[in-house]
Amino acid sequence: MSTNFHDLIQGFHNFKANTLLQEAEFFDRLAHGQNPKTLVIACCDSRADPAILMGCKPGDLFVVRNVAALVPSEEEAGSPDAVLAAVEYAVKHLDIHHVIVMGHSNCGGIQGLLHKEKIANERHTSGWVALAQPVLDELEAENPYEPLALRCRRCEEGAVLLSIENLLSYAWIRERVDEGSLSLHALYYDMAAGNLCVWDAEKEDFVATVAH
C-alpha cells in the first residue's frame with residue numbers, strides 16, 4: 001500500500017502522541033545534544049533501514065545513506081563530498097567508536113553497475129556506482145562465466161569490503177584504527193533469508209550473526 005505525504009504527517013502526530021510525549025525526558029535529553037558511538041554507512045534502499053534492522057532508538061546511530069552504501073577513496077572523493085562530510089563529522093566531532101558499512105541483497109545500485117545500459121543516461125547514478133567497478137572487474141577476471149545471480153551477490157558483498165578499504169585511505173581514520181580507538185565493521189543484510197551477516201576475516205566470508 002502506498003504512503004502519501006499526508007499519511008507521513010499523520011504518522012508524525014501518532015509518533016508524538018504515542019512516543020515523544022510518553023518518553024518526554026528521554027527526548028528532552030536528545031534535544032540538547034547527541035552522543036552516538038556508532039556511524040552506519042548504509043544504502044538508501046527503503047527496505048534496509050539500519051536503525052530498524054538493529055533495533056535502535058533515536059540517538060543511538062549516526063547514519064549516512066547513499067546508493068549502494070559506497071565510500072569513495074581519498075583520491076575519488078568529490079569536493080565537496082556529502083558522504084565524507086558525514087564521516088568526518090562523526091569521527092572528528094562525535095568521536096564515534098565504530099563505523100559500520102552495511103550492504104544488502106537485491107541492491108539496485110549494484111544492479112545498475114552490472115547492467116550499465118539501464119543507467120547510461122543517468123549521469124549522477126552511473127558515476128556514483130562506478131566507484132564499485134574495481135570489485136566487478138576482479139570478479140569478471142576470476143570467473144567470466146559466473147552465474148549472474150551469484151555475481152550480483154558477490155559484487156554486493158565486495159562493494160562493502162571496498163568501502164571499508166576506502167575508509168582506511170584517509171589518514172585520520174587509519175590513525176584511529178591503528179591506535180585502537182576506532183573499529184570498522186562490514187555487514188550484509190540478506191533480505192530473502194532474513195539474516196544480518198558479518199564479515200569473518202578468517203573464513204573470508206560474510207557469516208550470519210546469531211542471537212545472544
# chains A, B, ... in the order shown; residues from 1 in each chain; ligands from 1
$ closest_atom_pairs --of "range 17-77 of chain A" --to "range 94-100 of chain A" --cutoff "9 Å" --atoms "only C-alpha atoms" --output "Markdown table"
| residue | atom | partner | partner_atom | distance |
| --- | --- | --- | --- | --- |
| A:Gln34 | CA | A:Leu94 | CA | 8.1 |
| A:Asn35 | CA | A:Leu94 | CA | 6.6 |
| A:Pro36 | CA | A:Ile96 | CA | 6.5 |
| A:Lys37 | CA | A:Ile96 | CA | 4.3 |
| A:Thr38 | CA | A:His98 | CA | 4.7 |
| A:Leu39 | CA | A:Val99 | CA | 4.8 |
| A:Val40 | CA | A:Ile100 | CA | 4.7 |
| A:Ile41 | CA | A:Ile100 | CA | 6.1 |
| A:Ala42 | CA | A:Ile100 | CA | 8.2 |
| A:Phe62 | CA | A:Ile96 | CA | 8.7 |
$ write_last_selection --atoms "N, CA and C atoms" --output "compact mmCIF listing (two decimals), in the first residue's frame"
# COMPACT_ATOMS: atom_id res chain seq x y z
N GLN A 34 23.64 15.13 20.99
CA GLN A 34 23.71 13.72 20.63
C GLN A 34 25.07 13.15 21.04
N ASN A 35 25.07 11.87 21.32
CA ASN A 35 26.32 11.21 21.72
C ASN A 35 26.36 9.76 21.19
N PRO A 36 26.11 9.57 19.88
CA PRO A 36 26.16 8.21 19.35
C PRO A 36 27.59 7.70 19.33
N LYS A 37 27.75 6.40 19.44
CA LYS A 37 29.08 5.79 19.40
C LYS A 37 29.32 5.00 18.12
N THR A 38 28.29 4.96 17.26
CA THR A 38 28.39 4.17 16.03
C THR A 38 27.92 4.97 14.82
N LEU A 39 28.72 4.95 13.79
CA LEU A 39 28.35 5.51 12.49
C LEU A 39 28.01 4.35 11.57
N VAL A 40 26.86 4.44 10.90
CA VAL A 40 26.49 3.42 9.92
C VAL A 40 26.42 4.06 8.54
N ILE A 41 27.12 3.47 7.61
CA ILE A 41 27.05 3.87 6.20
C ILE A 41 26.22 2.80 5.51
N ALA A 42 25.02 3.17 5.08
CA ALA A 42 24.07 2.19 4.55
C ALA A 42 23.52 2.66 3.22
N PHE A 62 24.59 7.36 14.22
CA PHE A 62 24.80 8.46 13.28
C PHE A 62 24.83 7.79 11.92
$ residues_around --residues "range 186-198 of chain A" --least-positions-apart "3" --cutoff "6 Å" --atoms "only C-alpha atoms" --output "number ranges by chain"
A: 100-105, 206-209
$ write_last_selection --atoms "C-alpha atoms" --output "mmCIF file, in the first residue's frame"
data_model
loop_
_atom_site.group_PDB
_atom_site.id
_atom_site.type_symbol
_atom_site.label_atom_id
_atom_site.label_comp_id
_atom_site.auth_asym_id
_atom_site.auth_seq_id
_atom_site.Cartn_x
_atom_site.Cartn_y
_atom_site.Cartn_z
ATOM 1 C CA ILE A 100 29.698 0.013 10.072
ATOM 2 C CA VAL A 101 29.324 -0.316 6.306
ATOM 3 C CA MET A 102 26.126 -2.246 5.592
ATOM 4 C CA GLY A 103 25.253 -3.547 2.141
ATOM 5 C CA HIS A 104 22.257 -5.692 1.270
ATOM 6 C CA SER A 105 20.840 -8.201 -1.197
ATOM 7 C CA PHE A 206 30.035 -12.999 5.379
ATOM 8 C CA VAL A 207 28.608 -15.179 8.146
ATOM 9 C CA ALA A 208 25.066 -14.933 9.529
ATOM 10 C CA THR A 209 25.003 -13.491 13.037
#
$ select_by_dssp --residues "range 71-177 of chain A" --states "alpha helix (DSSP H)" --output "VMD selection string"
chain A and resid 82 to 92 108 to 114 123 to 129 133 to 142 148 to 167 171 to 177
$ closest_residue --among "A:Gln111, A:Ser126, A:Ser181, A:Gln133" --to "Cys152 in chain A" --atoms "only C-alpha atoms"
A:Gln111
$ closest_residue --among "A:Gly109, A:Gly33, A:Pro72, A:Pro144" --to "Gly59 in chain A" --atoms "only C-alpha atoms"
A:Gly33
$ select_by_dssp --residues "range 35-208 of chain A" --states "strand (DSSP E or B)" --output "ChimeraX atom specification"
/A:38-43,61-66,98-104,183-190,195-200,205-208
$ write_last_selection --atoms "N, CA, C and O atoms" --output "short mmCIF file (atom, residue, chain, number, x, y, z; two decimals), in the first residue's frame"
data_model
loop_
_atom_site.label_atom_id
_atom_site.label_comp_id
_atom_site.auth_asym_id
_atom_site.auth_seq_id
_atom_site.Cartn_x
_atom_site.Cartn_y
_atom_site.Cartn_z
N THR A 38 28.29 4.96 17.26
CA THR A 38 28.39 4.17 16.03
C THR A 38 27.92 4.97 14.82
O THR A 38 26.85 5.57 14.86
N LEU A 39 28.72 4.95 13.79
CA LEU A 39 28.35 5.51 12.49
C LEU A 39 28.01 4.35 11.57
O LEU A 39 28.76 3.37 11.48
N VAL A 40 26.86 4.44 10.90
CA VAL A 40 26.49 3.42 9.92
C VAL A 40 26.42 4.06 8.54
O VAL A 40 25.75 5.08 8.36
N ILE A 41 27.12 3.47 7.61
CA ILE A 41 27.05 3.87 6.20
C ILE A 41 26.22 2.80 5.51
O ILE A 41 26.65 1.64 5.41
N ALA A 42 25.02 3.17 5.08
CA ALA A 42 24.07 2.19 4.55
C ALA A 42 23.52 2.66 3.22
O ALA A 42 23.72 3.81 2.80
N CYS A 43 22.81 1.76 2.56
CA CYS A 43 22.18 2.07 1.28
C CYS A 43 20.90 2.88 1.48
O CYS A 43 20.26 2.79 2.53
N LEU A 61 22.44 5.87 16.66
CA LEU A 61 23.27 5.77 15.46
C LEU A 61 23.40 7.12 14.77
O LEU A 61 22.46 7.89 14.71
N PHE A 62 24.59 7.36 14.22
CA PHE A 62 24.80 8.46 13.28
C PHE A 62 24.83 7.79 11.92
O PHE A 62 25.66 6.90 11.68
N VAL A 63 23.92 8.17 11.01
CA VAL A 63 23.73 7.40 9.78
C VAL A 63 23.92 8.27 8.55
O VAL A 63 23.40 9.39 8.47
N VAL A 64 24.65 7.74 7.58
CA VAL A 64 24.73 8.35 6.26
C VAL A 64 24.33 7.27 5.26
O VAL A 64 24.83 6.15 5.32
N ARG A 65 23.38 7.61 4.39
CA ARG A 65 22.88 6.63 3.42
C ARG A 65 23.10 7.14 2.01
O ARG A 65 22.91 8.33 1.73
N ASN A 66 23.50 6.26 1.14
CA ASN A 66 23.69 6.61 -0.27
C ASN A 66 23.44 5.37 -1.12
O ASN A 66 23.29 4.27 -0.59
N HIS A 98 32.78 3.17 16.47
CA HIS A 98 32.58 2.13 15.47
C HIS A 98 32.05 2.73 14.17
O HIS A 98 31.19 3.62 14.21
N VAL A 99 32.55 2.21 13.06
CA VAL A 99 31.99 2.54 11.75
C VAL A 99 31.54 1.23 11.12
O VAL A 99 32.32 0.28 10.99
N ILE A 100 30.26 1.18 10.74
CA ILE A 100 29.70 0.01 10.07
C ILE A 100 29.36 0.38 8.64
O ILE A 100 28.72 1.40 8.40
N VAL A 101 29.80 -0.43 7.69
CA VAL A 101 29.32 -0.32 6.31
C VAL A 101 28.38 -1.49 6.09
O VAL A 101 28.77 -2.65 6.27
N MET A 102 27.13 -1.19 5.73
CA MET A 102 26.13 -2.25 5.59
C MET A 102 25.54 -2.27 4.18
O MET A 102 24.82 -1.38 3.77
N GLY A 103 25.86 -3.32 3.44
CA GLY A 103 25.25 -3.55 2.14
C GLY A 103 24.06 -4.48 2.29
O GLY A 103 23.72 -4.91 3.40
N HIS A 104 23.43 -4.82 1.19
CA HIS A 104 22.26 -5.69 1.27
C HIS A 104 22.01 -6.40 -0.06
O HIS A 104 22.54 -6.01 -1.11
N SER A 183 36.89 1.20 15.38
CA SER A 183 36.79 -0.11 14.75
C SER A 183 35.89 -0.03 13.52
O SER A 183 34.87 0.65 13.55
N LEU A 184 36.27 -0.75 12.47
CA LEU A 184 35.49 -0.79 11.24
C LEU A 184 34.84 -2.16 11.10
O LEU A 184 35.47 -3.19 11.37
N HIS A 185 33.58 -2.18 10.68
CA HIS A 185 32.83 -3.43 10.59
C HIS A 185 32.10 -3.50 9.25
O HIS A 185 31.52 -2.50 8.79
N ALA A 186 32.08 -4.68 8.64
CA ALA A 186 31.38 -4.91 7.37
C ALA A 186 30.18 -5.81 7.61
O ALA A 186 30.33 -6.93 8.11
N LEU A 187 28.98 -5.33 7.25
CA LEU A 187 27.76 -6.11 7.41
C LEU A 187 27.05 -6.25 6.07
O LEU A 187 27.17 -5.39 5.19
N TYR A 188 26.28 -7.33 5.95
CA TYR A 188 25.49 -7.58 4.74
C TYR A 188 24.14 -8.11 5.17
O TYR A 188 24.04 -9.12 5.88
N TYR A 189 23.08 -7.41 4.74
CA TYR A 189 21.72 -7.81 5.08
C TYR A 189 21.13 -8.63 3.96
O TYR A 189 20.91 -8.12 2.86
N ASP A 190 20.88 -9.90 4.23
CA ASP A 190 20.27 -10.80 3.25
C ASP A 190 18.77 -10.76 3.47
O ASP A 190 18.24 -11.38 4.40
N ASN A 195 18.64 -12.61 7.26
CA ASN A 195 19.87 -12.69 8.05
C ASN A 195 20.69 -11.41 7.95
O ASN A 195 20.75 -10.79 6.88
N LEU A 196 21.32 -11.05 9.06
CA LEU A 196 22.31 -9.99 9.06
C LEU A 196 23.66 -10.67 9.19
O LEU A 196 23.92 -11.36 10.19
N CYS A 197 24.50 -10.51 8.19
CA CYS A 197 25.77 -11.23 8.13
C CYS A 197 26.93 -10.28 8.40
O CYS A 197 26.92 -9.13 7.98
N VAL A 198 27.95 -10.79 9.08
CA VAL A 198 29.13 -10.00 9.40
C VAL A 198 30.34 -10.63 8.72
O VAL A 198 30.43 -11.86 8.61
N TRP A 199 31.25 -9.81 8.26
CA TRP A 199 32.44 -10.31 7.58
C TRP A 199 33.35 -11.02 8.57
O TRP A 199 33.71 -10.48 9.61
N ASP A 200 33.71 -12.26 8.24
CA ASP A 200 34.63 -13.06 9.05
C ASP A 200 35.93 -13.16 8.28
O ASP A 200 36.01 -13.85 7.25
N ASP A 205 34.49 -14.65 4.45
CA ASP A 205 33.12 -14.74 4.00
C ASP A 205 32.23 -13.97 4.99
O ASP A 205 32.59 -13.72 6.12
N PHE A 206 31.04 -13.60 4.50
CA PHE A 206 30.04 -13.00 5.38
C PHE A 206 29.26 -14.13 6.05
O PHE A 206 28.71 -15.00 5.37
N VAL A 207 29.22 -14.11 7.36
CA VAL A 207 28.61 -15.18 8.15
C VAL A 207 27.40 -14.64 8.90
O VAL A 207 27.47 -13.56 9.51
N ALA A 208 26.29 -15.37 8.86
CA ALA A 208 25.07 -14.93 9.53
C ALA A 208 25.31 -14.82 11.03
O ALA A 208 25.90 -15.70 11.66
#
